[in-house]
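Engineer: Coordinates in query.cif, mmCIF, C-alpha atoms, are listed below.
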data_coords
#
loop_
_atom_site.label_atom_id
_atom_site.label_comp_id
_atom_site.auth_asym_id
_atom_site.auth_seq_id
_atom_site.Cartn_x
_atom_site.Cartn_y
_atom_site.Cartn_z
CA MET A 1 -103.13 228.27 -39.47
CA SER A 2 -101.65 231.72 -39.77
CA GLN A 3 -98.51 232.71 -37.89
CA ALA A 4 -100.54 234.98 -35.61
CA GLU A 5 -102.99 232.17 -34.79
CA ALA A 6 -100.09 229.85 -34.10
CA ALA A 7 -98.56 232.44 -31.77
CA LEU A 8 -101.85 232.80 -29.91
CA LYS A 9 -102.16 229.07 -29.54
CA ASN A 10 -98.69 228.65 -28.15
CA PRO A 11 -96.94 231.81 -26.98
CA LEU A 12 -93.86 229.77 -26.02
CA ASP A 13 -93.47 228.75 -29.65
CA SER A 14 -93.71 232.35 -30.77
CA GLY A 15 -91.07 233.33 -28.19
CA ALA A 16 -88.79 230.58 -29.46
CA THR A 17 -89.35 231.73 -33.05
CA ARG A 18 -88.48 235.29 -32.11
CA GLU A 19 -85.33 234.03 -30.43
CA GLN A 20 -84.34 232.09 -33.54
CA GLU A 21 -84.87 235.22 -35.63
CA LEU A 22 -82.72 237.24 -33.26
CA VAL A 23 -79.95 234.63 -33.28
CA ALA A 24 -79.99 234.57 -37.09
CA SER A 25 -79.90 238.38 -37.25
CA VAL A 26 -76.97 238.65 -34.84
CA GLN A 27 -75.16 235.93 -36.76
CA ARG A 28 -75.60 238.07 -39.88
CA GLY A 29 -73.88 240.93 -38.09
CA HIS A 30 -76.74 242.84 -36.48
CA ASN A 31 -74.93 243.23 -33.18
CA GLU A 32 -77.41 245.88 -32.07
CA LEU A 33 -79.96 243.09 -31.49
CA PHE A 34 -77.70 241.11 -29.19
CA TYR A 35 -78.90 242.69 -25.97
CA GLU A 36 -82.50 241.92 -26.85
CA LEU A 37 -81.43 238.31 -27.39
CA VAL A 38 -79.67 237.88 -24.03
CA ARG A 39 -81.85 240.12 -21.87
CA PRO A 40 -84.26 237.30 -20.84
CA TYR A 41 -81.31 235.30 -19.50
CA GLU A 42 -79.50 237.98 -17.49
CA ARG A 43 -80.63 236.53 -14.18
CA ARG A 44 -79.72 232.99 -15.04
CA VAL A 45 -76.32 233.97 -16.35
CA TYR A 46 -75.55 235.93 -13.21
CA ALA A 47 -76.85 233.18 -10.90
CA ALA A 48 -74.68 230.57 -12.65
CA ALA A 49 -71.59 232.75 -12.28
CA LEU A 50 -72.41 233.52 -8.65
CA ALA A 51 -72.91 229.83 -7.80
CA ILE A 52 -69.37 229.10 -8.91
CA LEU A 53 -67.53 232.26 -7.84
CA ARG A 54 -69.46 233.13 -4.64
CA ASN A 55 -68.54 236.78 -5.01
CA GLU A 56 -71.07 239.24 -6.38
CA HIS A 57 -68.56 241.58 -7.97
CA GLU A 58 -66.60 238.80 -9.60
CA ALA A 59 -69.78 237.05 -10.72
CA GLU A 60 -71.04 240.20 -12.41
CA ASP A 61 -67.78 240.66 -14.24
CA ALA A 62 -67.77 237.02 -15.31
CA ALA A 63 -71.38 237.33 -16.49
CA GLN A 64 -70.50 240.36 -18.63
CA GLU A 65 -67.44 238.60 -20.02
CA ALA A 66 -69.53 235.52 -20.84
CA MET A 67 -72.04 237.65 -22.74
CA LEU A 68 -69.24 239.20 -24.75
CA LYS A 69 -67.81 235.76 -25.52
CA ALA A 70 -71.23 234.57 -26.60
CA LEU A 71 -71.44 237.46 -29.05
CA ILE A 72 -67.95 236.87 -30.41
CA ASN A 73 -68.71 233.17 -30.87
CA ILE A 74 -72.32 233.49 -32.00
CA ALA A 75 -71.43 232.02 -35.41
CA LYS A 76 -70.59 228.74 -33.65
CA PHE A 77 -74.04 228.42 -32.12
CA ARG A 78 -76.12 225.72 -33.79
CA SER A 79 -79.89 226.00 -33.71
CA GLU A 80 -80.30 222.36 -32.59
CA ALA A 81 -79.27 223.48 -29.10
CA ARG A 82 -81.18 225.83 -26.82
CA PHE A 83 -79.65 229.29 -26.85
CA SER A 84 -80.13 229.65 -23.08
CA THR A 85 -78.25 226.40 -22.42
CA TRP A 86 -75.42 227.45 -24.72
CA LEU A 87 -75.19 230.80 -22.97
CA ILE A 88 -75.17 229.20 -19.51
CA GLN A 89 -72.44 226.79 -20.60
CA ILE A 90 -70.26 229.68 -21.74
CA THR A 91 -70.90 231.36 -18.39
CA VAL A 92 -70.00 228.24 -16.42
CA ASN A 93 -66.79 227.84 -18.43
CA GLU A 94 -65.87 231.45 -17.80
CA ALA A 95 -66.57 231.18 -14.07
CA LEU A 96 -64.75 227.86 -13.66
CA MET A 97 -61.74 229.25 -15.51
CA ARG A 98 -61.63 232.24 -13.17
CA ARG A 99 -61.92 230.06 -10.12
CA ARG A 100 -59.14 227.76 -11.31
CA ARG A 101 -56.95 230.77 -11.83
CA GLU A 102 -57.40 231.84 -8.25
CA ARG A 103 -57.43 228.64 -6.28
CA THR A 104 -54.80 225.96 -5.82
CA VAL A 105 -55.00 222.46 -7.19
CA GLN A 106 -54.73 221.20 -3.61
CA MET A 107 -57.95 222.90 -2.62
CA GLU A 108 -59.79 221.39 -5.55
CA ALA A 109 -58.50 217.95 -4.64
CA LEU A 110 -59.82 218.38 -1.10
CA ASP A 111 -63.11 219.60 -2.47
CA ASP A 112 -63.50 216.50 -4.61
CA ARG A 113 -63.00 213.95 -1.87
CA GLU A 114 -66.42 212.87 -0.75
CA GLU A 115 -68.71 211.51 -3.40
CA GLY A 116 -70.88 208.99 -1.56
CA SER A 117 -74.65 208.87 -1.91
CA ASP A 118 -75.26 207.62 1.61
CA TYR A 119 -76.47 210.89 3.05
CA ALA A 120 -79.01 210.46 5.80
CA PRO A 121 -81.60 213.21 6.23
CA ARG A 122 -82.14 214.80 9.62
CA ASP A 123 -85.17 216.29 11.35
CA PHE A 124 -87.53 213.77 9.84
CA ALA A 125 -90.78 214.87 11.36
CA ASP A 126 -90.16 218.58 11.60
CA TRP A 127 -90.47 219.64 8.02
CA ARG A 128 -92.98 222.39 7.46
CA GLU A 129 -93.72 223.60 4.03
CA ILE A 130 -92.65 227.08 3.08
CA PRO A 131 -95.22 228.33 0.58
CA SER A 132 -94.08 230.02 -2.62
CA GLU A 133 -95.81 233.25 -1.57
CA ALA A 134 -93.19 233.59 1.16
CA LEU A 135 -90.66 234.33 -1.59
CA GLU A 136 -92.22 237.77 -1.89
CA ARG A 137 -90.31 238.55 1.30
CA LYS A 138 -86.71 239.56 0.83
CA GLU A 139 -85.90 238.08 4.22
CA VAL A 140 -87.01 234.62 3.07
CA ARG A 141 -85.05 234.84 -0.17
CA GLN A 142 -82.05 235.94 1.83
CA ARG A 143 -82.36 232.95 4.17
CA LEU A 144 -82.63 230.55 1.26
CA ALA A 145 -79.60 232.13 -0.44
CA GLU A 146 -77.62 231.85 2.80
CA ALA A 147 -78.49 228.17 3.14
CA LEU A 148 -77.39 227.57 -0.46
CA ALA A 149 -74.12 229.40 0.14
CA THR A 150 -73.16 226.98 2.90
CA LEU A 151 -73.03 224.01 0.50
CA ASP A 152 -69.71 222.83 -0.88
CA ASN A 153 -68.93 224.05 -4.38
CA LYS A 154 -69.65 220.80 -6.15
CA TYR A 155 -73.11 220.45 -4.61
CA ARG A 156 -74.04 224.07 -5.04
CA GLU A 157 -73.00 224.20 -8.69
CA VAL A 158 -75.01 221.15 -9.65
CA PHE A 159 -78.02 222.32 -7.65
CA VAL A 160 -78.00 225.81 -9.17
CA LEU A 161 -77.66 224.59 -12.75
CA ARG A 162 -80.24 221.84 -12.38
CA ASP A 163 -82.84 223.31 -10.01
CA MET A 164 -82.46 227.05 -10.47
CA GLU A 165 -81.28 227.30 -14.09
CA HIS A 166 -83.44 224.33 -15.07
CA LEU A 167 -80.83 222.59 -17.19
CA ASN A 168 -81.49 218.86 -17.52
CA ILE A 169 -79.16 216.25 -16.03
CA GLN A 170 -77.23 215.75 -19.26
CA GLU A 171 -76.79 219.49 -19.85
CA THR A 172 -75.65 219.98 -16.26
CA ALA A 173 -73.10 217.20 -16.67
CA GLU A 174 -71.77 218.71 -19.90
CA ALA A 175 -71.62 222.23 -18.50
CA LEU A 176 -69.58 221.12 -15.49
CA GLY A 177 -67.56 218.45 -17.29
CA ILE A 178 -68.67 215.64 -14.94
CA SER A 179 -70.57 212.39 -15.41
CA VAL A 180 -74.34 212.04 -15.34
CA ALA A 181 -73.99 209.74 -12.33
CA SER A 182 -72.05 212.45 -10.45
CA VAL A 183 -74.72 215.01 -11.24
CA LYS A 184 -77.41 212.73 -9.83
CA THR A 185 -75.47 211.96 -6.68
CA ARG A 186 -74.54 215.57 -6.00
CA LEU A 187 -78.04 216.74 -6.74
CA LEU A 188 -79.51 214.28 -4.27
CA ARG A 189 -77.18 215.40 -1.53
CA ALA A 190 -77.65 219.08 -2.29
CA ARG A 191 -81.42 218.77 -2.10
CA LEU A 192 -81.37 216.78 1.13
CA MET A 193 -78.85 219.10 2.75
CA LEU A 194 -80.93 222.14 1.84
CA ARG A 195 -84.00 220.44 3.21
CA ASP A 196 -82.17 219.83 6.49
CA LEU A 197 -80.83 223.36 6.60
CA LEU A 198 -84.27 224.87 6.09
CA ALA A 199 -85.82 222.56 8.69
CA ALA A 200 -83.08 223.57 11.15
CA GLY A 201 -83.62 227.20 10.20
CA TRP A 202 -87.25 226.77 11.05
CA GLU A 203 -86.36 225.56 14.52
CA GLN A 204 -84.01 228.48 14.99
CA GLY A 205 -86.78 230.89 14.13
CA TRP A 206 -85.54 232.01 10.68
CA PHE A 207 -89.08 232.21 9.43
CA SER A 208 -90.62 233.04 12.78
CA ARG A 209 -92.54 236.12 11.66
CA LEU A 210 -94.02 234.55 8.58
CA PRO A 211 -97.78 234.28 8.27
CA PHE A 212 -97.73 230.52 7.68
CA GLU A 213 -96.10 229.80 11.00
CA LYS A 214 -99.35 229.04 12.74
CA GLY A 215 -101.18 225.81 12.13
CA SER A 216 -99.92 222.31 12.19
CA LYS A 217 -98.73 220.40 9.17
CA PRO A 218 -99.55 216.77 8.47
CA TRP A 219 -95.95 215.69 8.84
CA MET B 1 -79.76 196.67 -6.83
CA VAL B 2 -82.99 197.97 -5.36
CA ASN B 3 -85.62 195.47 -4.34
CA HIS B 4 -88.68 196.99 -5.97
CA GLU B 5 -91.21 195.01 -4.01
CA ALA B 6 -90.31 196.44 -0.63
CA VAL B 7 -87.90 199.34 -0.25
CA ASP B 8 -86.48 200.44 3.07
CA CYS B 9 -85.87 204.01 4.24
CA GLU B 10 -82.25 204.16 3.14
CA GLN B 11 -83.14 202.99 -0.34
CA VAL B 12 -85.87 205.60 -0.48
CA TRP B 13 -83.48 208.40 0.49
CA ARG B 14 -81.01 207.28 -2.15
CA GLU B 15 -83.65 207.45 -4.87
CA ILE B 16 -85.75 210.32 -3.59
CA SER B 17 -84.15 212.91 -5.86
CA ASN B 18 -84.71 210.76 -8.94
CA TYR B 19 -88.25 210.14 -7.72
CA VAL B 20 -88.92 213.90 -7.53
CA ASP B 21 -87.54 214.28 -11.07
CA GLY B 22 -89.72 211.45 -12.35
CA GLU B 23 -86.66 209.41 -13.23
CA VAL B 24 -87.39 206.11 -11.55
CA ASP B 25 -88.92 203.15 -13.33
CA PRO B 26 -92.61 202.42 -12.72
CA ALA B 27 -91.97 199.42 -10.45
CA LEU B 28 -89.68 201.40 -8.13
CA ARG B 29 -92.07 204.36 -8.17
CA SER B 30 -94.88 202.12 -7.09
CA ALA B 31 -92.78 200.60 -4.29
CA MET B 32 -91.74 204.07 -3.10
CA ASP B 33 -95.34 205.34 -3.21
CA GLU B 34 -96.29 202.52 -0.93
CA HIS B 35 -93.40 203.28 1.40
CA PHE B 36 -94.35 206.96 1.65
CA ARG B 37 -97.90 206.01 2.61
CA ALA B 38 -96.62 203.85 5.44
CA CYS B 39 -93.64 205.91 6.62
CA PRO B 40 -94.27 209.47 7.88
CA ARG B 41 -90.54 210.12 8.23
CA CYS B 42 -89.85 209.46 4.58
CA ALA B 43 -93.03 211.30 3.62
CA SER B 44 -91.57 214.28 5.50
CA VAL B 45 -88.28 213.96 3.61
CA LEU B 46 -90.17 213.81 0.33
CA ALA B 47 -92.27 216.88 1.19
CA GLY B 48 -89.16 218.82 2.18
CA THR B 49 -87.26 217.82 -0.96
CA ARG B 50 -90.15 218.84 -3.19
CA ASN B 51 -90.46 222.10 -1.31
CA VAL B 52 -86.75 222.83 -1.79
CA VAL B 53 -87.01 222.16 -5.55
CA GLN B 54 -90.11 224.32 -5.79
CA LEU B 55 -88.73 227.25 -3.79
CA TYR B 56 -85.29 227.45 -5.37
CA GLY B 57 -86.73 226.84 -8.83
CA ASP B 58 -88.80 230.00 -8.52
CA GLU B 59 -87.75 232.90 -10.76
CA ARG B 60 -87.79 235.20 -7.74
CA MET B 61 -84.74 233.44 -6.35
CA LEU B 62 -82.68 234.74 -9.27
CA GLU B 63 -81.99 238.24 -8.10
CA LEU B 64 -79.76 240.69 -9.90
CA PRO B 65 -77.68 243.31 -8.12
CA SER B 66 -79.03 246.81 -8.50
CA GLY B 67 -77.89 248.41 -11.78
CA PHE B 68 -76.75 245.10 -13.28
CA SER B 69 -78.63 245.54 -16.57
CA ARG B 70 -77.42 249.10 -17.07
CA ARG B 71 -73.81 248.12 -16.46
CA LEU B 72 -74.13 245.13 -18.79
CA GLU B 73 -75.50 247.34 -21.56
CA LYS B 74 -72.67 249.80 -21.08
CA ARG B 75 -70.09 247.03 -21.24
CA LEU B 76 -71.63 245.55 -24.39
CA ALA B 77 -71.80 248.98 -25.98
CA LYS B 78 -68.21 249.77 -25.05
CA ASP B 79 -66.59 246.47 -25.96
CA ALA B 80 -68.78 245.19 -28.76
CA GLY B 81 -70.72 248.15 -30.13
CA VAL B 82 -74.01 246.65 -28.96
CA LYS B 83 -76.74 249.20 -28.57
CA GLY B 84 -79.18 248.69 -25.75
CA ARG B 85 -82.52 250.21 -24.92
CA ALA B 86 -81.33 253.80 -25.30
CA TRP B 87 -80.40 253.87 -21.64
CA SER B 88 -76.88 255.05 -22.18
CA SER B 89 -75.46 257.44 -19.64
CA TRP B 90 -76.22 260.63 -21.54
CA SER B 91 -79.71 259.68 -22.57
CA ALA B 92 -80.59 258.62 -19.05
CA TRP B 93 -80.50 262.33 -18.21
CA LEU B 94 -83.26 262.92 -20.73
CA VAL B 95 -85.77 261.26 -18.43
CA PRO B 96 -85.64 263.78 -15.56
CA ILE B 97 -85.32 266.62 -18.07
CA ALA B 98 -88.37 265.42 -19.97
CA ALA B 99 -90.24 265.03 -16.69
CA MET B 100 -89.38 268.62 -15.76
CA ALA B 101 -90.52 269.82 -19.17
CA VAL B 102 -93.83 268.02 -18.78
CA ILE B 103 -94.35 269.49 -15.30
CA ILE B 104 -93.46 273.03 -16.37
CA GLY B 105 -95.41 272.73 -19.60
CA GLY B 106 -98.38 271.35 -17.72
CA TYR B 107 -98.23 274.24 -15.27
CA LYS B 108 -98.05 276.77 -18.09
CA LEU B 109 -100.97 275.18 -19.87
CA THR B 110 -102.99 275.03 -16.69
CA THR B 111 -102.37 278.64 -15.81
CA ALA B 112 -103.03 279.69 -19.40
CA PHE B 113 -106.42 278.04 -19.37
CA THR B 114 -107.20 278.97 -15.80
CA PHE B 115 -106.57 282.69 -15.84
CA ARG B 116 -107.53 283.71 -19.34
CA PRO B 117 -111.22 284.00 -20.26
CA PRO B 118 -112.38 282.49 -23.51
CA ALA B 119 -111.77 284.72 -26.48
CA LYS B 120 -114.72 286.55 -27.89
CA SER B 121 -113.70 285.57 -31.39
CA ILE B 122 -111.68 282.89 -33.12
CA LEU B 123 -109.54 285.78 -34.24
CA ALA B 124 -108.69 286.68 -30.69
CA VAL B 125 -105.76 284.36 -30.34
CA PRO B 126 -103.27 285.26 -33.00
CA ALA B 127 -101.79 288.45 -31.67
CA SER B 128 -98.31 288.86 -30.37
CA ASN B 129 -95.90 291.36 -29.00
CA ILE B 130 -98.56 293.99 -28.38
CA PRO B 131 -97.15 296.27 -25.69
CA GLN B 132 -98.93 295.37 -22.47
CA ASP B 133 -99.67 298.95 -21.52
CA LEU B 134 -100.65 300.16 -24.98
CA LYS B 135 -103.77 302.36 -24.71
CA VAL B 136 -106.54 300.81 -26.73
CA VAL B 137 -110.30 301.21 -26.96
CA VAL B 138 -113.22 298.81 -27.15
CA SER B 139 -116.89 299.42 -27.78
CA ASN B 140 -120.23 297.64 -27.49
CA GLY B 141 -121.14 295.11 -30.13
CA SER B 142 -117.58 294.52 -31.19
CA ARG B 143 -115.08 291.78 -30.45
CA LEU B 144 -112.09 293.87 -31.36
CA PHE B 145 -109.94 296.41 -29.63
CA HIS B 146 -108.52 299.33 -31.56
CA ALA B 147 -105.93 302.04 -31.43
CA PRO B 148 -107.71 305.31 -30.46
CA GLY B 149 -109.09 307.05 -33.54
CA CYS B 150 -109.31 303.93 -35.71
CA PRO B 151 -112.05 304.52 -38.35
CA LEU B 152 -113.38 301.00 -37.80
CA ILE B 153 -114.47 301.56 -34.21
CA HIS B 154 -118.06 300.44 -34.00
CA ASP B 155 -120.58 302.41 -31.91
CA LYS B 156 -118.20 305.16 -30.84
CA ALA B 157 -120.67 306.36 -28.19
CA SER B 158 -119.94 303.25 -26.11
CA GLU B 159 -116.18 303.48 -26.56
CA ARG B 160 -114.05 302.95 -23.45
CA SER B 161 -110.31 302.95 -22.92
CA LEU B 162 -108.14 300.23 -21.40
CA THR B 163 -104.72 298.70 -21.83
CA ALA B 164 -103.95 296.05 -24.45
CA LYS B 165 -103.29 293.56 -21.69
CA GLU B 166 -106.72 294.14 -20.15
CA ALA B 167 -108.38 293.92 -23.57
CA ILE B 168 -106.71 290.59 -24.32
CA GLU B 169 -107.60 289.26 -20.89
CA GLN B 170 -111.21 290.17 -21.53
CA GLY B 171 -111.16 288.22 -24.78
CA TYR B 172 -110.88 291.04 -27.30
CA ALA B 173 -108.80 290.63 -30.44
CA PRO B 174 -106.73 293.39 -32.04
CA CYS B 175 -108.21 295.19 -34.99
CA SER B 176 -106.62 293.89 -38.10
CA ARG B 177 -106.41 297.38 -39.54
CA CYS B 178 -105.12 299.74 -36.92
CA LEU B 179 -103.14 297.05 -35.07
CA ARG B 180 -102.07 295.05 -38.07
CA GLN B 181 -98.44 295.31 -37.19
CA TYR B 182 -99.11 293.07 -34.21
CA LEU B 183 -101.04 290.39 -36.05
CA LYS B 184 -99.60 287.22 -37.37
CA THR B 185 -100.14 285.50 -40.62
CA GLU B 186 -102.45 282.97 -39.03
CA LEU B 187 -105.07 285.65 -38.58
CA ARG B 188 -105.19 286.49 -42.22
CA ARG B 189 -105.13 282.87 -43.30
CA ARG B 190 -108.08 282.06 -41.06
CA ALA B 191 -109.88 285.19 -42.00
CA ARG B 192 -109.68 284.38 -45.65
CA SER B 193 -110.71 280.77 -45.26
CA ARG B 194 -113.77 281.31 -43.08
CA ALA B 195 -116.82 283.46 -43.33
CA ILE B 196 -116.37 286.64 -41.36
CA GLU B 197 -118.29 286.22 -38.18
CA ALA B 198 -119.06 289.76 -37.20
CA ALA B 199 -119.99 292.66 -39.37
CA ASP B 200 -117.32 294.90 -37.99
CA VAL B 201 -114.45 292.46 -38.46
CA ALA B 202 -112.80 294.09 -41.38
CA VAL B 203 -110.06 292.08 -42.99
CA PRO B 204 -108.26 294.25 -45.45
CA ASN B 205 -107.69 292.55 -48.73
CA GLN B 206 -104.07 293.43 -48.84
CA PRO B 207 -101.40 291.53 -50.66
CA ASP B 208 -99.40 289.15 -48.51
CA ARG B 209 -96.15 290.47 -47.17
CA GLY B 210 -94.43 287.22 -47.75
CA ASP B 211 -94.51 286.33 -44.08
CA GLU B 212 -96.62 283.18 -44.38
CA GLN B 213 -93.90 281.19 -42.68
CA GLU B 214 -93.95 283.27 -39.54
CA GLU B 215 -94.33 281.33 -36.37
CA PHE B 216 -97.72 281.31 -34.75
CA ILE B 217 -97.40 283.02 -31.39
CA THR B 218 -100.06 283.44 -28.78
CA PRO B 219 -100.40 286.71 -26.92
CA GLY B 220 -98.02 287.26 -24.10
CA HIS B 221 -98.70 288.91 -20.80
#
Go through the file and emit its structure as structure tokens.
Structural biologist:
Amino acid sequence: MSQAEAALKNPLDSGATREQELVASVQRGHNELFYELVRPYERRVYAAALAILRNEHEAEDAAQEAMLKALINIAKFRSEARFSTWLIQITVNEALMRRRRERTVQMEALDDREEGSDYAPRDFADWREIPSEALERKEVRQRLAEALATLDNKYREVFVLRDMEHLNIQETAEALGISVASVKTRLLRARLMLRDLLAAGWEQGWFSRLPFEKGSKPW
Amino acid sequence: MVNHEAVDCEQVWREISNYVDGEVDPALRSAMDEHFRACPRCASVLAGTRNVVQLYGDERMLELPSGFSRRLEKRLAKDAGVKGRAWSSWSAWLVPIAAMAVIIGGYKLTTAFTFRPPAKSILAVPASNIPQDLKVVVSNGSRLFHAPGCPLIHDKASERSLTAKEAIEQGYAPCSRCLRQYLKTELRRRARSRAIEAADVAVPNQPDRGDEQEEFITPGH
């Protein structure tokens, strides 16, 4: 099978091949190709930084700094890993370092207190599905972002890396320097808390003008 | 330890995230499936959890602040010599300038084609810098306009006077003999390479003046 046929058969493979070529070129000193390499991950890099720093300006600066560090350290990247994961890990390190610089040890200790997995969901019967099409509306995205912002750091970080950045459990654990068990526990709580927040938001009329409001749901 | 044969609500909540991720063993999955069928409350929790994962996992939730990419490119260019998509600050100005050029050029082209009649000859185009109010003459059966008294005026009985501007607007081309000074090289090149279309188009077989590189200029108004 020719390379072109292979690319047609599996465009993801061809994208991955192109990425490998770009990595190799940048490692050989073709810095001018670096932006092409990182461009597909701009959003994820920024979202990871924002999840940790909770400040748009600071997150943008951290994202830029992380990109620069990735370029400086590109020789250390090994092709066994996914480039996106490596880039996100650098970003998380950069953001965590900034946060540590600014916050006291006492605050972190307080933040780390509760770790139980005995979270009980609320609003059992009131959940109504929010269809993906609703994300076209800025208002809905804003509401979801606000709900996410109310979570404690440790839940939000795990949730963003796992469910928004699509790292796996192991990668999330490595990026944050915590155990796999902690990732699973925090992820569970983050998901259930968000579910409760969105259900409560529904009752408060957050999504009141949305087209899917009418009609009953089976639950 | 979870009893896989019959799980209660609390056990289901504890494992629901792993269930959504497909990370529970088959026996527990089967027990949970059965529980969800029988328990609308837990089915509601499952639906909500899945919905949360689906919504937040959508690419649209990853929004960038306005201008993020441009600022990132600038930073990379400044601190690491990384070139971006040619969107640097100075070149960004090229876009509105180019747009203006296209608009103005388009207008010029439109007006050129709109207000000027088709030339009566392929030789009509390459004339330039003829004074607009120069008195010239045209006559029947000819596609050229001449300086008064030119020996090549065809059918002198039908001769009529007008300005150079009017002659050009009516599609006449300057006589290559009496108005040669206003012709460009293109005229002679074309004239030599094609058969002469009209009997009265006289193209003097004069030696080139060495101006073959002159720019081709269309008549001005």
Engineer: So what do you get for atom CA of Arg143 of chain A versus atom CA of His57 of chain A, distance-wise?
Structural biologist: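 Atom-to-atom, atom CA of Arg143 of chain A to atom CA of His57 of chain A, that is 20.3 Å.
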Engineer: Specify as a ChimeraX atom specification each residue included when the PyMOL selection byres ((chain A) within 8 of (chain B)) is applied to this file.
Structural biologist: /A:31-36,42-44,46-47,56,60,64,68,117-121,124-132,135-136,141,144-145,163-166,184,187-188,191-192,194-195,219
Engineer: Using only C-alpha atoms, please write the residues we just selected to a file, as a short mmCIF file (atom, residue, chain, number, x, y, z; two decimals), in the frame of the given file.
Structural biologist:
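Saved result, selection.cif, follows:
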data_model
loop_
_atom_site.label_atom_id
_atom_site.label_comp_id
_atom_site.auth_asym_id
_atom_site.auth_seq_id
_atom_site.Cartn_x
_atom_site.Cartn_y
_atom_site.Cartn_z
CA ASN A 31 -74.93 243.23 -33.18
CA GLU A 32 -77.41 245.88 -32.07
CA LEU A 33 -79.96 243.09 -31.49
CA PHE A 34 -77.70 241.11 -29.19
CA TYR A 35 -78.90 242.69 -25.97
CA GLU A 36 -82.50 241.92 -26.85
CA GLU A 42 -79.50 237.98 -17.49
CA ARG A 43 -80.63 236.53 -14.18
CA ARG A 44 -79.72 232.99 -15.04
CA TYR A 46 -75.55 235.93 -13.21
CA ALA A 47 -76.85 233.18 -10.90
CA GLU A 56 -71.07 239.24 -6.38
CA GLU A 60 -71.04 240.20 -12.41
CA GLN A 64 -70.50 240.36 -18.63
CA LEU A 68 -69.24 239.20 -24.75
CA SER A 117 -74.65 208.87 -1.91
CA ASP A 118 -75.26 207.62 1.61
CA TYR A 119 -76.47 210.89 3.05
CA ALA A 120 -79.01 210.46 5.80
CA PRO A 121 -81.60 213.21 6.23
CA PHE A 124 -87.53 213.77 9.84
CA ALA A 125 -90.78 214.87 11.36
CA ASP A 126 -90.16 218.58 11.60
CA TRP A 127 -90.47 219.64 8.02
CA ARG A 128 -92.98 222.39 7.46
CA GLU A 129 -93.72 223.60 4.03
CA ILE A 130 -92.65 227.08 3.08
CA PRO A 131 -95.22 228.33 0.58
CA SER A 132 -94.08 230.02 -2.62
CA LEU A 135 -90.66 234.33 -1.59
CA GLU A 136 -92.22 237.77 -1.89
CA ARG A 141 -85.05 234.84 -0.17
CA LEU A 144 -82.63 230.55 1.26
CA ALA A 145 -79.60 232.13 -0.44
CA ASP A 163 -82.84 223.31 -10.01
CA MET A 164 -82.46 227.05 -10.47
CA GLU A 165 -81.28 227.30 -14.09
CA HIS A 166 -83.44 224.33 -15.07
CA LYS A 184 -77.41 212.73 -9.83
CA LEU A 187 -78.04 216.74 -6.74
CA LEU A 188 -79.51 214.28 -4.27
CA ARG A 191 -81.42 218.77 -2.10
CA LEU A 192 -81.37 216.78 1.13
CA LEU A 194 -80.93 222.14 1.84
CA ARG A 195 -84.00 220.44 3.21
CA TRP A 219 -95.95 215.69 8.84
#
Engineer: Please provide as a PDB file with C-alpha atoms, in the coordinates of the input all residues within 7 Å of segment 154-156 of chain A, with the sequence filter that same-chain residues fewer than 5 positions apart are discarded (counting all atoms listed in the file).
Structural biologist:
ATOM      1  CA  ALA A  51     -72.910 229.830  -7.800  1.00  0.00           C
ATOM      2  CA  LEU A 148     -77.390 227.570  -0.460  1.00  0.00           C
ATOM      3  CA  ARG A 186     -74.540 215.570  -6.000  1.00  0.00           C
ATOM      4  CA  LEU A 187     -78.040 216.740  -6.740  1.00  0.00           C
ATOM      5  CA  ALA A 190     -77.650 219.080  -2.290  1.00  0.00           C
TER       6      ALA A 190
END
Engineer: Figure out the distance between atom CA of Thr163 of chain B and atom CA of Val138 of chain B, please, to one decimal in Å.
Structural biologist: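 Atom CA of Thr163 of chain B lies at a distance of 10.0 Å from atom CA of Val138 of chain B.
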Engineer: Kindly give the distance, in Å, that separates atom CA of Thr185 of chain A and atom CA of Arg29 of chain B, rounded to a single decimal.
Structural biologist: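 Answer for the atom CA of Thr185 of chain A to atom CA of Arg29 of chain B separation: 18.3 Å.
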Engineer: I'd like the residues picked by the PyMOL selection byres ((chain A and resi 23-30) around 9) written out as an MDAnalysis selection string, using the chain letters and numbers from the file.
Structural biologist: (chainID A and resid 18:22 31:34 37 71 74:75 77 79 83) or (chainID B and resid 82)
Engineer: For this file, the PyMOL selection byres ((chain B and resi 158) around 9) selects which residues, as a list of chain:residue names?
Structural biologist: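 Applied to this file, the PyMOL selection byres ((chain B and resi 158) around 9) selects B:Val138, B:Ser139, B:Asn140, B:His154, B:Asp155, B:Lys156, B:Ala157, B:Glu159, B:Arg160.
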Engineer: Do a neighbour search on Ser84 of chain A at 9 Å with only C-alpha atoms, toss out local chain neighbours closer than 5 positions, and write the hits as a list of chain:residue names.
Structural biologist: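 My reading of the contact set: A:Val38, A:Pro40, A:Tyr41, A:Arg44, A:Val45, A:Gln89.
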Engineer: For each of A:Ala134, A:Ile72, A:Ala63, A:Ala16, take the minimum atom-to-atom distance to Leu50 of chain A, counting all atoms listed in the file, then give the residue where this is smallest.
Structural biologist: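 Looking at the shortest contact to Leu50 of chain A, the residue is A:Ala63.
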Engineer: Identify, on the basis of only C-alpha atoms, every residue whose closest approach to segment 144-151 of chain B does not exceed 7 Å; exclude the query and any residue fewer than 4 positions from it along the same chain; express the result as a list in words.
Structural biologist: Val136, Val137, Val138, Ala167, Tyr172, Ala173, Pro174, Cys175, Cys178 and Leu179 of chain B
Engineer: Quick one: axis-aligned box around all listed atoms of segment 178-190 of chain A, 5 Å on every side, centre and edge lengths in Å to one decimal, written as AutoDock Vina command-line options.
Structural biologist:
--center_x -74.1 --center_y 214.4 --center_z -8.5 --size_x 20.8 --size_y 19.3 --size_z 23.9
